[in-house]
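Q: Got a file for you: data00.cif, mmCIF, C-alpha atoms.
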data_upload
loop_
_atom_site.label_atom_id
_atom_site.label_comp_id
_atom_site.auth_asym_id
_atom_site.auth_seq_id
_atom_site.Cartn_x
_atom_site.Cartn_y
_atom_site.Cartn_z
CA MET A 235 -17.50 1.61 -14.51
CA GLN A 236 -16.28 5.20 -14.70
CA TYR A 237 -13.29 5.80 -16.99
CA ARG A 238 -10.83 8.67 -16.91
CA GLU A 239 -8.43 9.71 -19.66
CA VAL A 240 -4.64 9.76 -19.59
CA PRO A 241 -3.87 13.22 -21.02
CA LYS A 242 -0.79 12.37 -23.08
CA THR A 243 -2.01 9.08 -24.58
CA GLY A 244 -5.79 9.20 -24.62
CA ASP A 245 -5.95 5.88 -22.76
CA LYS A 246 -9.33 5.49 -21.06
CA LEU A 247 -8.59 3.83 -17.71
CA SER A 248 -11.02 2.55 -15.10
CA ALA A 249 -11.24 4.89 -12.13
CA LEU A 250 -10.66 1.82 -9.96
CA GLY A 251 -7.42 -0.07 -10.46
CA LEU A 252 -6.51 -3.43 -8.94
CA GLY A 253 -3.34 -3.31 -6.86
CA ALA A 254 -1.56 -6.65 -6.54
CA MET A 255 0.31 -5.83 -3.33
CA ARG A 256 -2.28 -7.35 -1.01
CA LEU A 257 -3.71 -10.32 -2.92
CA PRO A 258 -5.51 -13.00 -0.86
CA GLU A 259 -3.09 -15.45 0.69
CA LYS A 260 -3.15 -19.04 1.92
CA ASP A 261 -0.38 -20.67 3.95
CA GLY A 262 1.83 -17.63 3.58
CA THR A 263 1.66 -17.33 -0.20
CA ILE A 264 -0.80 -16.14 -2.85
CA ASP A 265 -4.05 -18.09 -2.87
CA HIS A 266 -4.08 -18.66 -6.64
CA GLU A 267 -7.66 -19.86 -6.87
CA LYS A 268 -9.13 -17.01 -4.84
CA ALA A 269 -6.84 -14.35 -6.30
CA THR A 270 -7.55 -15.46 -9.88
CA ALA A 271 -11.30 -15.36 -9.29
CA LEU A 272 -10.93 -11.87 -7.81
CA LEU A 273 -8.81 -10.65 -10.73
CA HIS A 274 -11.13 -12.06 -13.39
CA HIS A 275 -14.22 -10.68 -11.65
CA ALA A 276 -12.63 -7.23 -11.54
CA ILE A 277 -11.78 -7.28 -15.25
CA ASP A 278 -15.17 -8.74 -16.22
CA ASN A 279 -16.78 -5.81 -14.42
CA GLY A 280 -14.78 -3.07 -16.09
CA VAL A 281 -11.48 -2.74 -14.22
CA ASN A 282 -8.80 -2.34 -16.88
CA TYR A 283 -5.76 -1.18 -14.89
CA VAL A 284 -3.72 -3.71 -12.88
CA ASP A 285 -0.68 -2.66 -10.89
CA THR A 286 2.09 -4.81 -9.45
CA ALA A 287 5.81 -4.57 -8.64
CA TRP A 288 8.96 -6.68 -8.43
CA PRO A 289 8.93 -7.28 -4.63
CA TYR A 290 5.20 -7.81 -4.02
CA HIS A 291 4.34 -11.10 -2.28
CA ASN A 292 8.02 -12.05 -2.03
CA GLU A 293 8.48 -11.57 -5.78
CA LYS A 294 5.53 -13.85 -6.60
CA SER A 295 2.97 -11.23 -7.68
CA GLU A 296 4.31 -10.76 -11.21
CA VAL A 297 4.52 -14.52 -11.77
CA PHE A 298 0.96 -14.95 -10.54
CA LEU A 299 -0.34 -12.26 -12.90
CA GLY A 300 1.54 -13.79 -15.80
CA GLU A 301 -0.44 -16.97 -15.26
CA ALA A 302 -3.78 -15.47 -14.22
CA LEU A 303 -3.98 -13.05 -17.16
CA SER A 304 -3.83 -15.84 -19.74
CA GLY A 305 -6.88 -16.77 -21.77
CA GLY A 306 -7.43 -13.30 -23.18
CA TYR A 307 -7.40 -11.27 -19.95
CA ARG A 308 -4.02 -9.66 -20.65
CA GLU A 309 -5.45 -8.02 -23.77
CA LYS A 310 -8.30 -6.46 -21.76
CA ILE A 311 -6.14 -4.42 -19.41
CA ARG A 312 -3.31 -1.93 -19.08
CA LEU A 313 -0.60 -3.60 -17.01
CA ALA A 314 1.71 -1.66 -14.71
CA THR A 315 4.81 -2.83 -12.87
CA LYS A 316 7.88 -1.17 -11.38
CA MET A 317 11.66 -1.14 -11.58
CA PRO A 318 13.33 -2.17 -8.28
CA HIS A 319 15.84 0.67 -8.52
CA TRP A 320 17.52 -0.19 -5.20
CA LEU A 321 18.85 -3.40 -6.84
CA VAL A 322 20.19 -1.62 -9.92
CA LYS A 323 23.91 -1.03 -10.40
CA ASP A 324 23.92 0.19 -14.01
CA GLN A 325 21.87 0.25 -17.22
CA THR A 326 22.67 -3.40 -17.87
CA ASP A 327 20.78 -4.24 -14.70
CA MET A 328 17.87 -2.09 -15.83
CA ASP A 329 17.56 -4.16 -19.00
CA ARG A 330 18.03 -7.39 -17.10
CA PHE A 331 15.29 -6.63 -14.57
CA LEU A 332 12.89 -5.52 -17.28
CA GLU A 333 13.47 -8.72 -19.27
CA ILE A 334 12.85 -10.81 -16.16
CA GLN A 335 9.63 -8.90 -15.49
CA LEU A 336 8.43 -9.37 -19.06
CA LYS A 337 9.04 -13.10 -18.69
CA ARG A 338 7.33 -13.27 -15.30
CA LEU A 339 4.32 -11.39 -16.62
CA ASN A 340 4.23 -13.48 -19.80
CA THR A 341 4.01 -10.41 -22.02
CA ASP A 342 6.09 -8.62 -24.64
CA HIS A 343 5.46 -5.14 -23.25
CA ILE A 344 4.60 -3.24 -20.09
CA ASP A 345 1.85 -0.66 -20.56
CA TYR A 346 2.93 1.51 -17.63
CA TYR A 347 6.46 1.06 -16.28
CA LEU A 348 7.35 2.96 -13.11
CA ILE A 349 10.52 3.59 -11.15
CA HIS A 350 9.47 2.20 -7.81
CA SER A 351 9.13 4.20 -4.58
CA LEU A 352 11.32 7.20 -5.33
CA THR A 353 12.74 9.36 -2.59
CA GLU A 354 15.23 12.19 -3.00
CA GLY A 355 18.24 9.94 -2.48
CA GLY A 356 16.91 7.11 -4.63
CA TRP A 357 16.06 9.51 -7.45
CA LYS A 358 19.54 11.03 -7.55
CA LYS A 359 21.23 7.62 -7.57
CA ILE A 360 19.08 6.08 -10.30
CA ARG A 361 19.16 9.29 -12.37
CA ASP A 362 22.96 9.32 -12.28
CA LYS A 363 23.00 5.69 -13.43
CA GLY A 364 21.27 6.69 -16.65
CA VAL A 365 17.69 5.64 -15.97
CA LEU A 366 16.21 8.33 -18.22
CA GLU A 367 18.28 7.12 -21.18
CA PHE A 368 17.17 3.57 -20.41
CA LEU A 369 13.51 4.58 -20.31
CA ASN A 370 13.85 6.33 -23.68
CA ARG A 371 15.45 3.25 -25.18
CA ALA A 372 12.96 0.77 -23.73
CA LYS A 373 10.07 2.97 -24.82
CA LYS A 374 11.49 3.28 -28.33
CA ASP A 375 11.94 -0.48 -28.77
CA GLY A 376 8.40 -1.15 -27.52
CA ARG A 377 9.11 -3.00 -24.29
CA ILE A 378 7.57 -0.06 -22.41
CA LYS A 379 4.58 1.93 -23.65
CA ASN A 380 4.31 4.61 -20.94
CA VAL A 381 6.71 5.65 -18.19
CA GLY A 382 6.23 6.99 -14.71
CA PHE A 383 7.34 6.70 -11.10
CA SER A 384 5.86 6.01 -7.69
CA PHE A 385 6.76 8.49 -5.01
CA HIS A 386 7.32 8.76 -1.25
CA ASP A 387 9.02 11.99 -0.23
CA ARG A 388 8.49 15.74 0.12
CA ALA A 389 6.47 17.87 -2.29
CA GLU A 390 9.52 19.83 -3.46
CA VAL A 391 11.31 16.59 -4.38
CA PHE A 392 8.21 15.52 -6.30
CA GLN A 393 8.29 18.72 -8.33
CA GLU A 394 11.99 18.25 -9.08
CA ILE A 395 11.36 14.75 -10.45
CA ILE A 396 8.33 15.91 -12.45
CA GLY A 397 10.48 18.54 -14.14
CA ALA A 398 13.30 16.17 -15.04
CA TYR A 399 11.56 14.08 -17.71
CA ASP A 400 8.56 13.85 -20.02
CA TRP A 401 6.61 11.50 -17.75
CA ASP A 402 3.31 9.97 -18.84
CA MET A 403 2.09 9.32 -15.30
CA CYS A 404 3.00 9.16 -11.64
CA LEU A 405 1.75 7.24 -8.61
CA ILE A 406 1.32 9.05 -5.30
CA GLN A 407 -0.06 8.25 -1.86
CA TYR A 408 -3.23 10.26 -1.40
CA ASN A 409 -6.19 10.11 0.95
CA TYR A 410 -8.08 12.47 3.22
CA LEU A 411 -5.37 12.19 5.88
CA ASP A 412 -2.57 12.97 3.41
CA GLU A 413 -3.67 16.21 1.79
CA ASN A 414 -0.46 17.87 2.96
CA HIS A 415 1.75 14.78 3.26
CA GLN A 416 4.33 13.71 0.65
CA ALA A 417 3.20 14.94 -2.79
CA GLY A 418 -0.24 15.78 -1.38
CA THR A 419 -2.79 18.01 -3.04
CA GLN A 420 -0.03 20.37 -4.12
CA GLY A 421 1.73 17.60 -6.03
CA LEU A 422 -1.52 16.25 -7.45
CA LYS A 423 -2.35 19.60 -9.03
CA TYR A 424 1.25 20.24 -10.08
CA ALA A 425 1.37 17.02 -12.09
CA ALA A 426 -2.11 17.42 -13.55
CA GLU A 427 -1.30 20.93 -14.76
CA ARG A 428 1.52 19.37 -16.80
CA ASN A 429 -0.80 16.78 -18.37
CA ILE A 430 0.68 13.94 -16.32
CA ALA A 431 -1.81 11.28 -15.27
CA VAL A 432 -1.94 10.81 -11.50
CA MET A 433 -2.61 7.36 -10.10
CA VAL A 434 -3.32 7.11 -6.37
CA MET A 435 -2.21 4.46 -3.89
CA GLU A 436 -3.15 4.02 -0.22
CA PRO A 437 -6.65 5.56 -0.51
CA LEU A 438 -7.52 3.74 2.73
CA ARG A 439 -4.08 4.28 4.28
CA GLY A 440 -3.28 0.60 4.43
CA GLY A 441 -6.81 -0.19 5.61
CA ASN A 442 -6.50 1.97 8.71
CA LEU A 443 -9.42 4.15 7.62
CA VAL A 444 -11.88 1.26 7.52
CA ARG A 445 -10.81 -1.26 10.17
CA ASN A 446 -12.38 -1.05 13.63
CA VAL A 447 -13.67 2.47 13.15
CA PRO A 448 -13.66 4.31 16.50
CA PRO A 449 -17.02 5.47 17.88
CA GLU A 450 -15.89 9.11 17.63
CA ILE A 451 -15.40 8.64 13.88
CA GLU A 452 -18.67 6.74 13.41
CA ASP A 453 -20.55 9.59 15.08
CA ILE A 454 -19.22 12.03 12.50
CA TRP A 455 -20.00 9.74 9.54
CA ASN A 456 -23.55 9.31 10.87
CA GLU A 457 -24.19 13.04 10.48
CA ALA A 458 -24.25 12.63 6.70
CA ASP A 459 -27.57 12.70 4.88
CA VAL A 460 -26.47 9.76 2.69
CA LYS A 461 -25.19 6.77 4.68
CA ARG A 462 -21.99 5.23 3.33
CA SER A 463 -19.33 2.82 4.54
CA PRO A 464 -15.96 4.26 5.66
CA ALA A 465 -14.38 2.74 2.54
CA GLU A 466 -16.89 4.42 0.25
CA TRP A 467 -16.32 7.77 1.94
CA ALA A 468 -12.55 7.43 1.51
CA PHE A 469 -12.75 6.47 -2.15
CA ARG A 470 -15.34 9.12 -2.97
CA TRP A 471 -13.12 11.78 -1.42
CA VAL A 472 -10.22 10.82 -3.71
CA TRP A 473 -12.37 10.45 -6.83
CA ASN A 474 -13.93 13.81 -6.10
CA HIS A 475 -10.66 15.32 -7.39
CA PRO A 476 -10.82 15.65 -11.19
CA GLU A 477 -7.02 15.51 -11.35
CA VAL A 478 -7.04 11.85 -10.22
CA THR A 479 -6.94 9.30 -13.03
CA VAL A 480 -6.90 5.90 -11.27
CA VAL A 481 -7.26 4.89 -7.62
CA LEU A 482 -5.53 1.62 -6.74
CA SER A 483 -7.03 -0.71 -4.18
CA GLY A 484 -5.41 -3.84 -2.78
CA MET A 485 -8.66 -5.77 -2.56
CA ASN A 486 -8.53 -9.35 -1.29
CA GLU A 487 -12.23 -10.09 -0.78
CA MET A 488 -14.99 -10.23 -3.39
CA SER A 489 -17.25 -8.08 -1.20
CA GLN A 490 -14.60 -5.34 -1.14
CA LEU A 491 -14.24 -5.53 -4.89
CA ASP A 492 -17.98 -5.30 -5.55
CA GLU A 493 -18.41 -2.32 -3.23
CA ASN A 494 -15.48 -0.51 -4.81
CA ILE A 495 -16.71 -1.20 -8.35
CA ARG A 496 -20.11 0.23 -7.44
CA THR A 497 -18.53 3.29 -5.86
CA ALA A 498 -16.21 3.80 -8.84
CA SER A 499 -19.22 3.80 -11.14
CA GLU A 500 -20.94 6.56 -9.15
CA ALA A 501 -18.21 8.80 -7.73
CA GLU A 502 -17.82 11.46 -10.40
CA PRO A 503 -15.42 14.41 -9.96
CA ASP A 504 -16.75 17.28 -7.84
CA SER A 505 -19.79 15.25 -6.78
CA LEU A 506 -19.41 15.63 -2.99
CA THR A 507 -21.49 18.39 -1.45
CA GLU A 508 -19.99 21.07 0.75
CA LYS A 509 -21.51 19.38 3.82
CA GLU A 510 -20.01 16.04 2.82
CA ARG A 511 -16.56 17.54 2.26
CA ASP A 512 -16.77 19.15 5.70
CA ILE A 513 -17.69 15.81 7.28
CA VAL A 514 -14.66 14.14 5.70
CA HIS A 515 -12.44 16.99 6.90
CA ARG A 516 -13.69 16.57 10.46
CA VAL A 517 -13.09 12.81 10.32
CA ALA A 518 -9.52 13.48 9.19
CA GLU A 519 -8.94 15.85 12.07
CA LYS A 520 -10.30 13.34 14.57
CA TYR A 521 -8.09 10.55 13.22
CA ARG A 522 -5.04 12.79 13.52
CA ASP A 523 -5.93 13.29 17.16
CA LEU A 524 -6.21 9.54 17.74
CA MET A 525 -3.35 7.95 15.78
CA ALA A 526 0.05 7.35 17.32
CA VAL A 527 2.10 6.37 14.22
CA PRO A 528 1.23 7.17 10.56
CA CYS A 529 2.23 3.66 9.39
CA THR A 530 0.38 2.21 6.36
CA GLY A 531 1.75 -1.34 6.72
CA CYS A 532 3.54 -1.21 3.34
CA ASN A 533 6.40 -3.40 4.72
CA TYR A 534 9.14 -1.43 2.94
CA CYS A 535 10.97 -1.31 6.29
CA MET A 536 11.10 -5.10 6.42
CA PRO A 537 12.87 -7.38 7.05
CA CYS A 538 14.37 -5.88 10.15
CA PRO A 539 18.00 -7.06 10.65
CA VAL A 540 17.27 -8.02 14.26
CA GLY A 541 13.78 -9.40 13.67
CA VAL A 542 11.43 -6.64 14.85
CA ASP A 543 7.95 -6.89 13.31
CA ILE A 544 7.80 -3.16 12.72
CA PRO A 545 4.38 -2.93 10.97
CA GLY A 546 2.85 -5.35 13.47
CA CYS A 547 4.14 -3.34 16.42
CA PHE A 548 2.81 -0.09 15.00
CA ASP A 549 -0.56 -1.59 14.10
CA LEU A 550 -1.10 -2.69 17.69
CA TYR A 551 0.22 0.61 19.04
CA ASN A 552 -2.27 2.54 16.91
CA SER A 553 -5.06 0.18 17.98
CA LYS A 554 -4.17 0.70 21.63
CA ARG A 555 -4.11 4.45 21.10
CA ILE A 556 -7.43 4.61 19.23
CA PHE A 557 -9.48 1.99 21.08
CA LYS A 558 -10.17 1.68 24.78
CA GLY A 559 -11.53 -0.89 27.21
CA ILE A 560 -11.86 -4.42 25.80
CA SER A 561 -9.94 -3.53 22.66
CA ASP A 562 -7.10 -2.17 24.78
CA HIS A 563 -6.86 -5.50 26.63
CA ASP A 564 -7.02 -7.35 23.31
CA THR A 565 -4.11 -5.41 21.81
CA GLN A 566 -1.98 -6.10 24.87
CA TYR A 567 -2.71 -9.82 24.59
CA ARG A 568 -2.00 -9.86 20.86
CA TYR A 569 1.32 -8.12 21.45
CA LEU A 570 2.23 -10.62 24.16
CA VAL A 571 1.38 -13.64 22.01
CA HIS A 572 2.67 -12.51 18.63
CA GLN A 573 5.30 -9.80 19.07
CA MET A 574 6.85 -11.18 22.25
CA GLY A 575 7.19 -14.67 20.81
CA VAL A 576 4.85 -16.76 22.93
CA LEU A 577 3.64 -18.60 19.81
CA GLY A 578 6.68 -18.06 17.63
CA LYS A 579 9.78 -15.96 17.17
CA ASN A 580 10.24 -12.88 19.34
CA SER A 581 9.67 -9.81 17.14
CA SER A 582 9.04 -7.20 19.80
CA ALA A 583 10.00 -3.53 19.72
CA SER A 584 12.62 -3.97 22.44
CA LEU A 585 14.83 -5.90 20.02
CA CYS A 586 15.56 -2.67 18.13
CA VAL A 587 19.27 -1.72 18.14
CA ASN A 588 18.69 1.67 16.47
CA CYS A 589 20.62 0.77 13.31
CA GLY A 590 18.44 3.17 11.30
CA LYS A 591 18.04 0.96 8.21
CA CYS A 592 14.25 0.93 8.57
CA LYS A 593 14.13 4.71 8.89
CA GLU A 594 15.95 5.10 5.55
CA LYS A 595 13.39 2.87 3.78
CA CYS A 596 10.19 4.24 5.31
CA PRO A 597 7.96 5.98 2.71
CA GLN A 598 6.23 7.89 5.52
CA GLN A 599 9.52 9.26 6.92
CA ILE A 600 8.63 7.86 10.34
CA ASP A 601 11.41 7.94 12.93
CA ILE A 602 10.93 4.21 13.45
CA PRO A 603 13.52 3.61 16.22
CA GLU A 604 12.02 6.42 18.32
CA LYS A 605 8.49 5.16 17.75
CA LEU A 606 9.56 1.63 18.65
CA LYS A 607 10.73 2.97 22.01
CA GLU A 608 7.19 4.28 22.53
CA VAL A 609 5.79 0.86 21.60
CA GLU A 610 8.13 -0.80 24.08
CA SER A 611 7.06 1.54 26.86
CA GLN A 612 3.38 0.87 26.10
CA PHE A 613 3.51 -2.91 25.83
CA GLU A 614 6.65 -4.30 27.46
CA SER A 615 6.49 -3.76 31.19
CA SER A 616 8.62 -5.91 33.48
CA ARG A 617 5.53 -7.91 34.38
CA THR A 618 4.66 -8.50 30.71
CA LYS A 619 8.19 -9.64 29.90
CA LEU A 620 8.09 -12.09 32.83
CA THR A 621 4.71 -13.39 31.66
CA ALA A 622 6.04 -13.92 28.14
CA ARG A 623 9.09 -15.80 29.45
CA ILE A 624 6.94 -18.10 31.61
CA MET A 625 4.52 -18.79 28.76
CA ARG A 626 7.37 -19.55 26.34
CA ASN A 627 8.91 -22.01 28.87
CA PHE A 628 5.62 -23.81 29.40
CA LEU A 629 4.58 -23.89 25.75
CA PRO A 630 6.39 -27.19 24.93
CA VAL A 631 4.54 -28.83 27.82
CA ILE A 632 1.22 -27.45 26.58
CA ARG A 633 1.93 -28.65 23.04
CA GLN A 634 2.89 -32.13 24.27
CA PHE A 635 -0.27 -32.32 26.35
CA SER A 636 -2.31 -31.36 23.34
CA LEU A 637 -0.66 -34.08 21.22
CA LEU A 638 -1.35 -36.71 23.83
CA LYS A 639 -4.94 -35.53 24.17
CA ASN A 640 -5.54 -35.75 20.45
CA ARG A 641 -4.12 -39.29 20.29
CA SER A 642 -6.41 -40.59 23.01
#
Could you render the structure as structure tokens?
A:
Amino acid sequence: MQYREVPKTGDKLSALGLGAMRLPEKDGTIDHEKATALLHHAIDNGVNYVDTAWPYHNEKSEVFLGEALSGGYREKIRLATKMPHWLVKDQTDMDRFLEIQLKRLNTDHIDYYLIHSLTEGGWKKIRDKGVLEFLNRAKKDGRIKNVGFSFHDRAEVFQEIIGAYDWDMCLIQYNYLDENHQAGTQGLKYAAERNIAVMVMEPLRGGNLVRNVPPEIEDIWNEADVKRSPAEWAFRWVWNHPEVTVVLSGMNEMSQLDENIRTASEAEPDSLTEKERDIVHRVAEKYRDLMAVPCTGCNYCMPCPVGVDIPGCFDLYNSKRIFKGISDHDTQYRYLVHQMGVLGKNSSASLCVNCGKCKEKCPQQIDIPEKLKEVESQFESSRTKLTARIMRNFLPVIRQFSLLKNRS
């Protein structure tokens, strides 16, 4: 495993960090057996940075880690979690949430404590509530060892926050599609120049850079002299930047973990050739041509007050935009069955009432109501709506028939 140093502390952290936002699930909750095996395998093979947050997995991620890191594993890692600043009213709440998190995680200290998902508005509110004084106090009494923030806003806002406190680290979204998005390369270098460790999230942009790779993208990857998977290309591009300390990955399969560990052991800073960097640049340009909505599936916009499955709608919209032919038919069917409620609750784009709550929460600053109108126009024709209504009406009959068939 490759290790990179935190400038202000000298901590040697694994280049690959385990993000606990997308742990393997079973029956709608964390699959403890599979997730524990994954976590232990990561640590046994050199991963020593584990990142979670208050809301992950419906507030179950921290509790899971508190259990899974027993038996000596807690002592082998640096543990990061985040303050849910949107729930905070005053400094008393800050202490209360931290104490709950310490109890959930079954630890007496947090190695890296971040203010979660800061935007300009969120930063001003939590700053005015005295968060910097709280961080100083919690750091002094030992409950927090290092402090930082995760970020989703414009580069100028990032620089303002960086200049407001003696941060140890920050967490930014960064991948080859986001060089000029949010903090971007400008923010990466700005923080590094001030000896602030930079951790990276969304290196695969919510998996969009590796799932169902379009033929146009595959053709570009195939021009490389060294053949690599799309995931390896994406990680190598991020690790190629010497300013990056840790890259978080929400791995939920052992094969993903093993590939990423191997890549993290090999992908040294400035190791990509000029030809390889050019290939990645061309892939990025092609993806920008193909994508309809820059959604990473982070779910910060959820739950929708009227029940729209916003990430699900955008995922299918992007799939329809990128893929043609059979895949296009498949996305239409999936939208009909899942989003339009044939097999469950209606969560389609047409339910949107333009309340704007999702837009305020979106880390990508997507105009969600406007994009949902595009989704509706793509998937919800009059004929499709009629088909969905007929299928919903006949579903009880189909289910009853199935029950009778299985009894016979």
Q: Give me, as CSV, each residue of segment 318-384 of chain A that comes within 9 Å of segment 595-617 of chain A, together with its shortest interatomic pair and the distance in Å at one decimal, counting all atoms listed in the file, with rows ordered by chain and rising residue number.
A:
residue,atom,partner,partner_atom,distance
A:Ser351,CA,A:Pro597,CA,7.6
A:Leu352,CA,A:Pro597,CA,8.8
A:Thr353,CA,A:Pro597,CA,7.9
Q: Can you list, as a list in words, the residues that the PyMOL selection byres ((chain A and resi 513) around 12) selects here?
A: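 Those residues are Tyr410, Ile451, Glu452, Asp453, Ile454, Trp455, Asn456, Glu457, Ala458, Asp459, Val460, Pro464, Trp467, Ala468, Trp471, Leu506, Thr507, Glu508, Lys509, Glu510, Arg511, Asp512, Val514, His515, Arg516, Val517, Ala518, Glu519 and Lys520 of chain A.
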Q: Tell me, in Å to one decimal, how far atom CA of Met485 of chain A is from atom CA of Met328 of chain A.
A: 29.9 Å
Q: Go through the shown structure with the PyMOL selection byres ((chain A and resi 324) around 10) and write out the matching residues as number ranges by chain.
A: A: 319, 321-323, 325-329, 360, 362-365, 368
Q: Quick one: distance from atom CA of Met317 of chain A to atom CA of Ser483 of chain A in Å, one decimal?
A: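 Interatomic distance, atom CA of Met317 of chain A to atom CA of Ser483 of chain A: 20.1 Å.
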Q: Sorted by chain and rising residue number, which residues of segment 527-553 of chain A lie within 12 Å of segment 574-590 of chain A, and what are their closest atom pairs and distances in Å to one decimal, counting all atoms listed in the file, as JSON lines?
A:
{"residue": "A:Cys535", "atom": "CA", "partner": "A:Gly590", "partner_atom": "CA", "distance": 10.0}
{"residue": "A:Met536", "atom": "CA", "partner": "A:Ser581", "partner_atom": "CA", "distance": 11.8}
{"residue": "A:Pro537", "atom": "CA", "partner": "A:Ser581", "partner_atom": "CA", "distance": 10.9}
{"residue": "A:Cys538", "atom": "CA", "partner": "A:Cys586", "partner_atom": "CA", "distance": 8.7}
{"residue": "A:Pro539", "atom": "CA", "partner": "A:Cys589", "partner_atom": "CA", "distance": 8.7}
{"residue": "A:Val540", "atom": "CA", "partner": "A:Leu585", "partner_atom": "CA", "distance": 6.6}
{"residue": "A:Gly541", "atom": "CA", "partner": "A:Ser581", "partner_atom": "CA", "distance": 5.4}
{"residue": "A:Val542", "atom": "CA", "partner": "A:Ser581", "partner_atom": "CA", "distance": 4.3}
{"residue": "A:Asp543", "atom": "CA", "partner": "A:Ser581", "partner_atom": "CA", "distance": 5.1}
{"residue": "A:Ile544", "atom": "CA", "partner": "A:Ala583", "partner_atom": "CA", "distance": 7.3}
{"residue": "A:Pro545", "atom": "CA", "partner": "A:Ala583", "partner_atom": "CA", "distance": 10.4}
{"residue": "A:Gly546", "atom": "CA", "partner": "A:Ser581", "partner_atom": "CA", "distance": 8.9}
{"residue": "A:Cys547", "atom": "CA", "partner": "A:Ala583", "partner_atom": "CA", "distance": 6.7}
{"residue": "A:Phe548", "atom": "CA", "partner": "A:Ala583", "partner_atom": "CA", "distance": 9.3}
{"residue": "A:Leu550", "atom": "CA", "partner": "A:Ser582", "partner_atom": "CA", "distance": 11.3}
{"residue": "A:Tyr551", "atom": "CA", "partner": "A:Ala583", "partner_atom": "CA", "distance": 10.6}
Q: Counting all atoms listed in the file, which residue out of A:Leu273, A:Leu348, A:Leu369, A:Leu405 sits closest to Ser304 of chain A?
A: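 Between A:Leu273, A:Leu348, A:Leu369, A:Leu405, the residue approaching Ser304 of chain A most closely is A:Leu273.
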Q: Rounded to one decimal place, report the atom CA of Asp345 of chain A-atom CA of Glu493 of chain A distance in Å.
A: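 Separation of atom CA of Asp345 of chain A and atom CA of Glu493 of chain A: 26.7 Å.
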Q: Which residue is closest to Arg330 of chain A? Choose from A:Gln490, A:Glu367, A:Asn279, A:Ala372 and count all atoms listed in the file.
A: A:Ala372
Q: Go through A:Met488, A:Ile311, A:Ala389, A:Ala622 one by one, measure the shortest atom-to-atom distance of each to Ile344 of chain A using all atoms listed in the file, and give the residue with the smallest value.
A: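 Closest residue, counting all atoms listed in the file: A:Ile311.
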Q: Could you pull the residues within 9 Å of Gly376 of chain A, counting all atoms listed in the file, minus those fewer than 2 positions along the same chain, as a list in words?
A: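 My list of contacting residues is Asp342, His343, Ile344, Arg371, Ala372, Lys373, Lys374, Ile378 and Lys379 of chain A.
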Q: Excluding Trp401 of chain A and any residue of its chain fewer than 4 positions from it, enumerate the residues within 10 Å of it, using only C-alpha atoms, and give them as a ChimeraX atom specification.
A: /A:242,348,380-383,395-397,425,428-431
Q: Give me, as a ChimeraX atom specification, all polymer residues having an atom no more than 12 Å from Asn486 of chain A, counting only C-alpha atoms and skipping those fewer than 3 positions away in the same chain.
A: /A:252-260,264-273,275-276,441,483,489-492,494
Q: Hey, can you spit out that residue selection with C-alpha atoms as a PDB file, keeping the file's coordinate frame?
A:
ATOM      1  CA  LEU A 252      -6.510  -3.430  -8.940  1.00  0.00           C
ATOM      2  CA  GLY A 253      -3.340  -3.310  -6.860  1.00  0.00           C
ATOM      3  CA  ALA A 254      -1.560  -6.650  -6.540  1.00  0.00           C
ATOM      4  CA  MET A 255       0.310  -5.830  -3.330  1.00  0.00           C
ATOM      5  CA  ARG A 256      -2.280  -7.350  -1.010  1.00  0.00           C
ATOM      6  CA  LEU A 257      -3.710 -10.320  -2.920  1.00  0.00           C
ATOM      7  CA  PRO A 258      -5.510 -13.000  -0.860  1.00  0.00           C
ATOM      8  CA  GLU A 259      -3.090 -15.450   0.690  1.00  0.00           C
ATOM      9  CA  LYS A 260      -3.150 -19.040   1.920  1.00  0.00           C
ATOM     10  CA  ILE A 264      -0.800 -16.140  -2.850  1.00  0.00           C
ATOM     11  CA  ASP A 265      -4.050 -18.090  -2.870  1.00  0.00           C
ATOM     12  CA  HIS A 266      -4.080 -18.660  -6.640  1.00  0.00           C
ATOM     13  CA  GLU A 267      -7.660 -19.860  -6.870  1.00  0.00           C
ATOM     14  CA  LYS A 268      -9.130 -17.010  -4.840  1.00  0.00           C
ATOM     15  CA  ALA A 269      -6.840 -14.350  -6.300  1.00  0.00           C
ATOM     16  CA  THR A 270      -7.550 -15.460  -9.880  1.00  0.00           C
ATOM     17  CA  ALA A 271     -11.300 -15.360  -9.290  1.00  0.00           C
ATOM     18  CA  LEU A 272     -10.930 -11.870  -7.810  1.00  0.00           C
ATOM     19  CA  LEU A 273      -8.810 -10.650 -10.730  1.00  0.00           C
ATOM     20  CA  HIS A 275     -14.220 -10.680 -11.650  1.00  0.00           C
ATOM     21  CA  ALA A 276     -12.630  -7.230 -11.540  1.00  0.00           C
ATOM     22  CA  GLY A 441      -6.810  -0.190   5.610  1.00  0.00           C
ATOM     23  CA  SER A 483      -7.030  -0.710  -4.180  1.00  0.00           C
ATOM     24  CA  SER A 489     -17.250  -8.080  -1.200  1.00  0.00           C
ATOM     25  CA  GLN A 490     -14.600  -5.340  -1.140  1.00  0.00           C
ATOM     26  CA  LEU A 491     -14.240  -5.530  -4.890  1.00  0.00           C
ATOM     27  CA  ASP A 492     -17.980  -5.300  -5.550  1.00  0.00           C
ATOM     28  CA  ASN A 494     -15.480  -0.510  -4.810  1.00  0.00           C
TER      29      ASN A 494
END
Q: Find the residue from A:Leu247, A:Arg555, A:Ala498, A:His291 that sits nearest to Asn533 of chain A; use only C-alpha atoms when measuring.
A: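 Of A:Leu247, A:Arg555, A:Ala498, A:His291, the one nearest Asn533 of chain A is A:His291, counting only C-alpha atoms.
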